[in-house]
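Below you'll find the structure, written out as structure tokens, and then a few comments.
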2 protein chains.
Amino acid sequence: MFKTIEYNDGIVRMIDQTRLPCETIYIECKTGPEVAEAIRKMVVRGAPAIGVAAAMGVSIAAQAIDTEDPLFFFKELEKQCDILASSRPTAVNLFWAIERMKRTGESVANGSVKKIKERLKEEAHRIYQEDIETNKTMGRHGQELIRDGATVMTHCNAGALATAGYGTALGVIRAAVEAGKKIRVYANETRPFLQGARLTAWELKEDNIPVKLITDNMAGYFMRKREIDLIIVGADRIAANGDVANKIGTYSLAVLAKEHGIPFYVAAPISTLDLNLESGEQIPIEERSREEVTHIGGKRFAPEDIEVAHPAFDMTPNALIHAIITEKGVIRSPFIENLKKAKLS
Amino acid sequence: MFKTIEYNDGIVRMIDQTRLPCETIYIECKTGPEVAEAIRKMVVRGAPAIGVAAAMGVSIAAQAIDTEDPLFFFKELEKQCDILASSRPTAVNLFWAIERMKRTGESVANGSVKKIKERLKEEAHRIYQEDIETNKTMGRHGQELIRDGATVMTHCNAGALATAGYGTALGVIRAAVEAGKKIRVYANETRPFLQGARLTAWELKEDNIPVKLITDNMAGYFMRKREIDLIIVGADRIAANGDVANKIGTYSLAVLAKEHGIPFYVAAPISTLDLNLESGEQIPIEERSREEVTHIGGKRFAPEDIEVAHPAFDMTPNALIHAIITEKGVIRSPFIENLKKAKLS
């Protein structure tokens with residue numbers, strides 16, 4: 001089994017997701033900015049995995065700060081955290097993980113720098129472990145929504161590759177398979193970055209879960225043919241009212257699901273929930289490079305200098321979401337009340 | 001201005017649409033099977049252009065039949081027609097054009113073979129000319145539906161490249177521009193074959209019509225942002241009840257248009273209408289090669305041996321279509337009555 005990310009001997013080792021599925025290559029980051037660059041370049045991607053990577057990045061950055069003065073240490077750490085925080089704008093887990101690392105450091109601020117560094121390393125490992133456990137718990141809750149023999153459609157990659165391991169949306173599918181159910185998956189390729197084709201198809205195939213790859217614009221066709229029983233996607237950020245920011249194309253899928261009476265589920269850890277945001281309208285949508293739309297594999301297939309739009313995410317309003325699957329259970333409408341309750345429980 | 005297809009001196013010359021937009025190369029077909037191969041390989045594509053190419057293919061095949069015996073001539077011609085008819089399964093214009101050529105030949109069957117050959121060549125040229133005139137008339141009718149300043153979304157390529165010239169959906173846009181209206185276009189890239197990115201974006205740019213390229217799964221996002229005023233697509237086949245077969249993804253767009261209250265129009269010549277089909281459920285959907293889903297520009301980005309589905313077309317039920325724009329006028333519900341009236345008028 002592949003490892004999405006690992007942190008040993010002061011090195012963060014990640015599978016290079018920009019090279020999959022053609023090559024299985026691991027890269028090593030030895031500094032905070034190297035981790036930030038890996039996040040920016042999408043060597044590691046997926047909201048929970050970004051959070052885990054950022055926590056590890058904070059820890060390796062901390063280890064390298066050569067001082068015994070806690071005040072100077074925290075000033076330097078703040079700079080490193082800023083570099084990591086600026087790597088991607090949409091995933092709340094990034095900010096959540098960095099904040100948690102900062103608070104952890106501050107909680108032992110009256111100890112020695114050595115002690116603070118140890119505590120930070122420990123916390124990065126804890127965030128990693130918690131993420132896997134969270135996904136397994138989420139999977140156990142979510143798999144009850146899937147009947148034996150069901151066909152599940154998913155978008156982008158909310159799998160082991162998007163997390164420390166096991167996955168959110170794909171974790172729910174894995175849990176259903178582990179519960180003995182026969183599950184088939186339709187993976188949308190997810191243009192422009194093709195995470196579905198490159199990552200989800202690869203990851204499920206590695207796990208021997210039957211998967212069929214389709215282009216995004218075929219989703220409606222197969223829903224209309226009644227080949228899809230339910231849809232499960234991940235989330236990059238969830239607002240207090242249950243609006244969900246996720247990979248571009250998620251919103252269109254949710255509309256199609258509604259038209260066809262197909263349940264539409266979001267699987268995400270509670271850390272993805274941002275109670276500071278009243279609604280999804282306030283979620284910033286990352287605009288990525290035009291080359292991701294005009295080129296694939298370095299090859300251009302659109303006219304030169306063509307005008308391009310590239311919102312990398314979209315927002316799915318809560319009314320289109322049947323339930324949000326979390327490690328605290330399956331949360332349904334009214335989302336404002338129930339999400340708050342889960343977050344604070 | 002580029003020429004999609006031309007027929008001169010016994011040669012059918014086509015712009016190679018598989019090479020656009022990076023290279024502007026013309027290929028020459030000197031036999032019927034060469035034309036059939038060009039259609040199969042999508043050197044020429046788009047339902048009306050396929051019809052025109054097939055008619056020209058029948059003519060060059062006819063010229064090459066070395067006999068003065070009409071009976072033998074028609075037997076040979078039939079074989080050539082069969083080869084052409086088997087090149088693509090969904091576009092009704094293909095069969096329509098071949099049938100029309102056969103009937104034309106039969107109408108002068110009591111003349112000499114030389115006379116029949118001349119008549120067939122003349123008819124191929126007539127089909128070409130009629131297609132351009134049809135598109136211009138369609139454009140005049142359709143452009144009245146577009147207000148000055150509107151933003152139009154389109155899918156695939158229903159342009160000059162999909163016809164003998166001018167285009168169906170893009171012909172309506174061209175007519176609006178020629179009427180002095182300021183029009184902006186959102187072109188969906190149209191996976192897997194990327195006709196939107198490769199052809200529509202290129203063709204509109206050549207004509208200086210403002211165009212923005214997006215991936216298919218961004219369509220819902222921009223509809224929700226109220227950036228799209230109307231949608232116009234072409235058609236590969238229209239059933240008697242107004243159900244429309246068109247490029248995969250059209251159905252999803254129509255559902256999204258309904259959700260957002262955006263008018264959804266189909267622009268197609270009456271020759272696309274197949275009164276023999278009661279409903280769209282009877283339209284055969286072409287399944288194309290898996291490599292079109294797993295590869296772009298010869299480069300694979302999905303796991304090897306992954307299971308793939310590749311329906312090249314889908315069917316949009318008449319209830320999702322505001323109107324069908326034809327050379328006989330803008331046809332609205334009840335489609336069964338109004339389409340029949342237009343076809344027989």
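Ordered as shown in the structure tokens, chains take letters A, B, and onward, while each chain numbers its residues from 1 and ligands are numbered from 1 in the order shown.
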
* To do: Please give the complete set of residues from stretch 126-289 of chain A that DSSP, run on the backbone, assigns to alpha helix (DSSP H), formatted as a ChimeraX atom specification.
  => /A:126-142,169-178,195,201-206,219-224,250-260

Output file for the selection above: N, CA and C atoms, as a compact mmCIF listing (two decimals), in the first residue's frame:
# COMPACT_ATOMS: atom_id res chain seq x y z
N ARG A 126 0.58 13.61 15.81
CA ARG A 126 -0.77 13.39 16.33
C ARG A 126 -1.82 13.78 15.27
N ILE A 127 -1.60 14.91 14.61
CA ILE A 127 -2.54 15.36 13.57
C ILE A 127 -2.63 14.31 12.46
N TYR A 128 -1.48 13.75 12.13
CA TYR A 128 -1.45 12.68 11.11
C TYR A 128 -2.29 11.48 11.56
N GLN A 129 -2.03 11.00 12.77
CA GLN A 129 -2.75 9.84 13.29
C GLN A 129 -4.24 10.12 13.41
N GLU A 130 -4.56 11.29 13.94
CA GLU A 130 -5.97 11.66 14.12
C GLU A 130 -6.71 11.67 12.79
N ASP A 131 -6.01 12.13 11.74
CA ASP A 131 -6.67 12.22 10.43
C ASP A 131 -7.07 10.82 9.95
N ILE A 132 -6.17 9.87 10.11
CA ILE A 132 -6.51 8.50 9.69
C ILE A 132 -7.65 7.95 10.53
N GLU A 133 -7.58 8.17 11.84
CA GLU A 133 -8.66 7.67 12.71
C GLU A 133 -9.99 8.35 12.39
N THR A 134 -9.92 9.65 12.16
CA THR A 134 -11.12 10.41 11.79
C THR A 134 -11.76 9.81 10.54
N ASN A 135 -10.94 9.51 9.54
CA ASN A 135 -11.47 8.96 8.30
C ASN A 135 -12.10 7.59 8.52
N LYS A 136 -11.50 6.79 9.37
CA LYS A 136 -12.06 5.46 9.61
C LYS A 136 -13.40 5.56 10.34
N THR A 137 -13.47 6.48 11.27
CA THR A 137 -14.74 6.68 11.99
C THR A 137 -15.81 7.21 11.02
N MET A 138 -15.41 8.20 10.22
CA MET A 138 -16.30 8.75 9.20
C MET A 138 -16.80 7.64 8.27
N GLY A 139 -15.89 6.78 7.87
CA GLY A 139 -16.22 5.67 6.99
C GLY A 139 -17.27 4.76 7.61
N ARG A 140 -17.08 4.45 8.91
CA ARG A 140 -18.05 3.57 9.58
C ARG A 140 -19.44 4.20 9.62
N HIS A 141 -19.51 5.49 9.92
CA HIS A 141 -20.81 6.18 9.91
C HIS A 141 -21.40 6.20 8.51
N GLY A 142 -20.57 6.58 7.55
CA GLY A 142 -21.07 6.82 6.20
C GLY A 142 -21.47 5.57 5.46
N ALA A 169 -14.40 10.72 1.21
CA ALA A 169 -15.43 10.10 0.35
C ALA A 169 -15.02 8.65 0.02
N LEU A 170 -13.77 8.45 -0.37
CA LEU A 170 -13.34 7.08 -0.69
C LEU A 170 -13.19 6.24 0.58
N GLY A 171 -13.00 6.88 1.72
CA GLY A 171 -12.98 6.17 3.00
C GLY A 171 -14.34 5.55 3.28
N VAL A 172 -15.39 6.29 2.97
CA VAL A 172 -16.75 5.76 3.15
C VAL A 172 -16.95 4.54 2.24
N ILE A 173 -16.45 4.65 1.00
CA ILE A 173 -16.55 3.52 0.07
C ILE A 173 -15.72 2.34 0.59
N ARG A 174 -14.50 2.62 1.05
CA ARG A 174 -13.65 1.55 1.62
C ARG A 174 -14.35 0.86 2.79
N ALA A 175 -14.97 1.65 3.65
CA ALA A 175 -15.65 1.07 4.82
C ALA A 175 -16.81 0.18 4.38
N ALA A 176 -17.52 0.60 3.32
CA ALA A 176 -18.62 -0.22 2.81
C ALA A 176 -18.08 -1.55 2.28
N VAL A 177 -16.96 -1.47 1.57
CA VAL A 177 -16.34 -2.68 1.02
C VAL A 177 -15.87 -3.58 2.18
N GLU A 178 -15.26 -2.96 3.20
CA GLU A 178 -14.79 -3.73 4.36
C GLU A 178 -15.96 -4.36 5.12
N GLN A 195 -7.75 14.93 -11.30
CA GLN A 195 -7.52 14.15 -10.09
C GLN A 195 -8.31 12.83 -10.10
N ALA A 201 -8.97 6.91 -9.80
CA ALA A 201 -8.97 5.66 -10.58
C ALA A 201 -7.77 4.79 -10.16
N TRP A 202 -6.63 5.41 -9.97
CA TRP A 202 -5.42 4.69 -9.57
C TRP A 202 -5.57 4.08 -8.19
N GLU A 203 -6.04 4.91 -7.26
CA GLU A 203 -6.13 4.49 -5.86
C GLU A 203 -7.14 3.35 -5.67
N LEU A 204 -8.29 3.45 -6.35
CA LEU A 204 -9.29 2.39 -6.21
C LEU A 204 -8.82 1.11 -6.88
N LYS A 205 -8.13 1.25 -8.00
CA LYS A 205 -7.61 0.09 -8.70
C LYS A 205 -6.56 -0.62 -7.82
N GLU A 206 -5.73 0.16 -7.15
CA GLU A 206 -4.73 -0.41 -6.23
C GLU A 206 -5.43 -1.24 -5.15
N ALA A 219 -21.53 12.59 -16.57
CA ALA A 219 -22.19 12.29 -15.30
C ALA A 219 -23.71 12.28 -15.45
N GLY A 220 -24.26 13.32 -16.08
CA GLY A 220 -25.71 13.41 -16.25
C GLY A 220 -26.26 12.24 -17.06
N TYR A 221 -25.52 11.85 -18.08
CA TYR A 221 -25.92 10.73 -18.95
C TYR A 221 -26.12 9.46 -18.13
N PHE A 222 -25.16 9.16 -17.26
CA PHE A 222 -25.28 7.92 -16.48
C PHE A 222 -26.30 8.04 -15.35
N MET A 223 -26.50 9.24 -14.84
CA MET A 223 -27.58 9.42 -13.86
C MET A 223 -28.93 9.16 -14.52
N ARG A 224 -29.09 9.71 -15.73
CA ARG A 224 -30.36 9.54 -16.43
C ARG A 224 -30.60 8.06 -16.76
N THR A 250 -18.42 20.12 -8.68
CA THR A 250 -19.24 19.52 -7.62
C THR A 250 -20.66 20.09 -7.66
N TYR A 251 -20.75 21.41 -7.82
CA TYR A 251 -22.07 22.06 -7.85
C TYR A 251 -22.93 21.50 -8.99
N SER A 252 -22.33 21.38 -10.19
CA SER A 252 -23.10 20.84 -11.33
C SER A 252 -23.59 19.42 -11.03
N LEU A 253 -22.75 18.62 -10.39
CA LEU A 253 -23.15 17.26 -10.02
C LEU A 253 -24.33 17.27 -9.07
N ALA A 254 -24.30 18.19 -8.10
CA ALA A 254 -25.37 18.27 -7.11
C ALA A 254 -26.69 18.65 -7.78
N VAL A 255 -26.63 19.56 -8.75
CA VAL A 255 -27.85 19.94 -9.49
C VAL A 255 -28.37 18.73 -10.27
N LEU A 256 -27.48 18.01 -10.92
CA LEU A 256 -27.88 16.82 -11.68
C LEU A 256 -28.46 15.75 -10.76
N ALA A 257 -27.87 15.60 -9.58
CA ALA A 257 -28.38 14.63 -8.61
C ALA A 257 -29.81 14.97 -8.22
N LYS A 258 -30.04 16.25 -7.97
CA LYS A 258 -31.40 16.71 -7.60
C LYS A 258 -32.39 16.37 -8.72
N GLU A 259 -32.02 16.68 -9.96
CA GLU A 259 -32.90 16.42 -11.11
C GLU A 259 -33.27 14.94 -11.20
N HIS A 260 -32.35 14.07 -10.79
CA HIS A 260 -32.57 12.63 -10.94
C HIS A 260 -32.96 11.94 -9.63

* Close residues, B:Pro33 itself excluded, 9 Å, only C-alpha atoms, min 4 positions apart in chain, as a ChimeraX atom specification -> /B:29,37-38,57,61,80,83-84

Residues from last step as file, all heavy atoms, as an mmCIF file, in the first residue's frame:
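As written to disk, again-v4.cif reads:
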data_model
loop_
_atom_site.group_PDB
_atom_site.id
_atom_site.type_symbol
_atom_site.label_atom_id
_atom_site.label_comp_id
_atom_site.auth_asym_id
_atom_site.auth_seq_id
_atom_site.Cartn_x
_atom_site.Cartn_y
_atom_site.Cartn_z
ATOM 1 N N CYS B 29 -8.723 14.015 -50.354
ATOM 2 C CA CYS B 29 -9.272 12.673 -50.543
ATOM 3 C C CYS B 29 -9.595 12.501 -52.018
ATOM 4 O O CYS B 29 -10.273 13.344 -52.610
ATOM 5 C CB CYS B 29 -10.549 12.486 -49.726
ATOM 6 S SG CYS B 29 -10.311 12.676 -47.964
ATOM 7 N N GLU B 37 -12.853 7.306 -44.490
ATOM 8 C CA GLU B 37 -11.807 7.234 -43.464
ATOM 9 C C GLU B 37 -11.631 8.601 -42.776
ATOM 10 O O GLU B 37 -11.454 8.671 -41.550
ATOM 11 C CB GLU B 37 -10.494 6.786 -44.116
ATOM 12 C CG GLU B 37 -9.345 6.532 -43.175
ATOM 13 C CD GLU B 37 -9.576 5.393 -42.193
ATOM 14 O OE1 GLU B 37 -10.590 4.686 -42.316
ATOM 15 O OE2 GLU B 37 -8.737 5.236 -41.289
ATOM 16 N N ALA B 38 -11.712 9.657 -43.564
ATOM 17 C CA ALA B 38 -11.594 11.011 -42.999
ATOM 18 C C ALA B 38 -12.751 11.293 -42.035
ATOM 19 O O ALA B 38 -12.573 11.925 -40.991
ATOM 20 C CB ALA B 38 -11.549 12.053 -44.108
ATOM 21 N N GLY B 57 -18.139 12.408 -51.217
ATOM 22 C CA GLY B 57 -17.538 11.071 -51.280
ATOM 23 C C GLY B 57 -18.273 10.187 -52.277
ATOM 24 O O GLY B 57 -17.645 9.456 -53.059
ATOM 25 N N ALA B 61 -16.521 8.765 -55.650
ATOM 26 C CA ALA B 61 -16.569 7.311 -55.842
ATOM 27 C C ALA B 61 -17.235 6.997 -57.182
ATOM 28 O O ALA B 61 -16.765 6.136 -57.941
ATOM 29 C CB ALA B 61 -17.322 6.660 -54.690
ATOM 30 N N GLN B 80 -19.995 1.512 -52.513
ATOM 31 C CA GLN B 80 -19.289 2.711 -52.053
ATOM 32 C C GLN B 80 -20.124 3.464 -51.008
ATOM 33 O O GLN B 80 -19.599 3.982 -50.022
ATOM 34 C CB GLN B 80 -18.982 3.636 -53.242
ATOM 35 C CG GLN B 80 -18.000 3.035 -54.239
ATOM 36 C CD GLN B 80 -16.574 3.036 -53.714
ATOM 37 O OE1 GLN B 80 -16.168 3.941 -52.997
ATOM 38 N NE2 GLN B 80 -15.821 1.991 -54.037
ATOM 39 N N ILE B 83 -19.862 1.796 -47.661
ATOM 40 C CA ILE B 83 -18.613 2.133 -46.962
ATOM 41 C C ILE B 83 -18.753 3.496 -46.278
ATOM 42 O O ILE B 83 -18.411 3.656 -45.102
ATOM 43 C CB ILE B 83 -17.419 2.149 -47.954
ATOM 44 C CG1 ILE B 83 -17.169 0.733 -48.480
ATOM 45 C CG2 ILE B 83 -16.166 2.723 -47.290
ATOM 46 C CD1 ILE B 83 -16.167 0.676 -49.632
ATOM 47 N N LEU B 84 -19.281 4.451 -47.010
ATOM 48 C CA LEU B 84 -19.446 5.792 -46.438
ATOM 49 C C LEU B 84 -20.444 5.774 -45.278
ATOM 50 O O LEU B 84 -20.233 6.422 -44.253
ATOM 51 C CB LEU B 84 -19.899 6.777 -47.522
ATOM 52 C CG LEU B 84 -18.771 7.211 -48.473
ATOM 53 C CD1 LEU B 84 -19.323 7.675 -49.813
ATOM 54 C CD2 LEU B 84 -17.932 8.321 -47.828
#

* To do: Identify all chain A residues at most 6 Å from chain B by counting only C-alpha atoms; ligands do not count. Present them as a ChimeraX atom specification.
  => /A:21,197-198,202,212-214,217-218,220,249,252,301-303,307-309

Output file for the residues above (N, CA and C atoms, as a tab-separated table (two decimals), in the first residue's frame):
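Below you can see again.tsv, which holds the result:
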chain	number	residue	atom	x	y	z
A	21	PRO	N	-0.78	8.69	-12.60
A	21	PRO	CA	-0.56	7.29	-12.27
A	21	PRO	C	0.60	6.68	-13.05
A	197	ALA	N	-9.12	10.97	-12.82
A	197	ALA	CA	-8.46	10.03	-13.74
A	197	ALA	C	-7.11	9.59	-13.18
A	198	ARG	N	-6.36	10.55	-12.66
A	198	ARG	CA	-5.00	10.26	-12.25
A	198	ARG	C	-4.93	9.60	-10.88
A	202	TRP	N	-6.63	5.41	-9.97
A	202	TRP	CA	-5.42	4.69	-9.57
A	202	TRP	C	-5.57	4.08	-8.19
A	212	LYS	N	-15.00	2.75	-12.78
A	212	LYS	CA	-15.12	3.10	-14.19
A	212	LYS	C	-14.84	4.59	-14.32
A	213	LEU	N	-13.97	4.92	-15.23
A	213	LEU	CA	-13.58	6.32	-15.45
A	213	LEU	C	-14.45	6.95	-16.53
A	214	ILE	N	-14.99	8.13	-16.23
A	214	ILE	CA	-15.76	8.86	-17.25
A	214	ILE	C	-15.31	10.32	-17.26
A	217	ASN	N	-18.50	15.49	-18.15
A	217	ASN	CA	-19.77	15.79	-18.82
A	217	ASN	C	-20.60	14.55	-19.14
A	218	MET	N	-20.13	13.37	-18.75
A	218	MET	CA	-20.93	12.14	-18.90
A	218	MET	C	-21.77	11.85	-17.65
A	220	GLY	N	-24.26	13.32	-16.08
A	220	GLY	CA	-25.71	13.41	-16.25
A	220	GLY	C	-26.26	12.24	-17.06
A	249	GLY	N	-17.04	21.67	-10.41
A	249	GLY	CA	-17.84	20.60	-10.99
A	249	GLY	C	-18.74	19.94	-9.96
A	252	SER	N	-22.33	21.38	-10.19
A	252	SER	CA	-23.10	20.84	-11.33
A	252	SER	C	-23.59	19.42	-11.03
A	301	PHE	N	-3.67	22.37	-26.37
A	301	PHE	CA	-4.67	21.94	-27.34
A	301	PHE	C	-5.71	23.03	-27.57
A	302	ALA	N	-5.46	24.23	-27.03
A	302	ALA	CA	-6.36	25.36	-27.26
A	302	ALA	C	-5.57	26.43	-28.01
A	303	PRO	N	-6.27	27.37	-28.66
A	303	PRO	CA	-5.53	28.39	-29.39
A	303	PRO	C	-4.65	29.20	-28.44
A	307	GLU	N	-8.70	33.49	-24.17
A	307	GLU	CA	-9.14	33.87	-22.83
A	307	GLU	C	-9.67	32.63	-22.12
A	308	VAL	N	-9.30	32.49	-20.86
A	308	VAL	CA	-9.63	31.28	-20.11
A	308	VAL	C	-10.14	31.67	-18.73
A	309	ALA	N	-11.09	30.93	-18.19
A	309	ALA	CA	-11.44	31.09	-16.77
A	309	ALA	C	-11.05	29.80	-16.06

* Just list the residues in stretch 148-264 of chain B DSSP gives strand (DSSP E) on the backbone, as number ranges by chain. => B: 151-154, 184-188, 211-214, 230-233, 237-239, 244-247, 264

* Kindly give the distance, in Å, that separates atom CA of A:Thr272 and atom CA of A:Ala239, rounded to a single decimal. => 8.7 Å

* Which neighbours of A:Leu275 fall inside 9 Å, counting only C-alpha atoms, when residues of the same chain fewer than 6 positions from it are skipped, and could you give them as a PyMOL selection string? -> chain A and resi 238-241+339-340+343
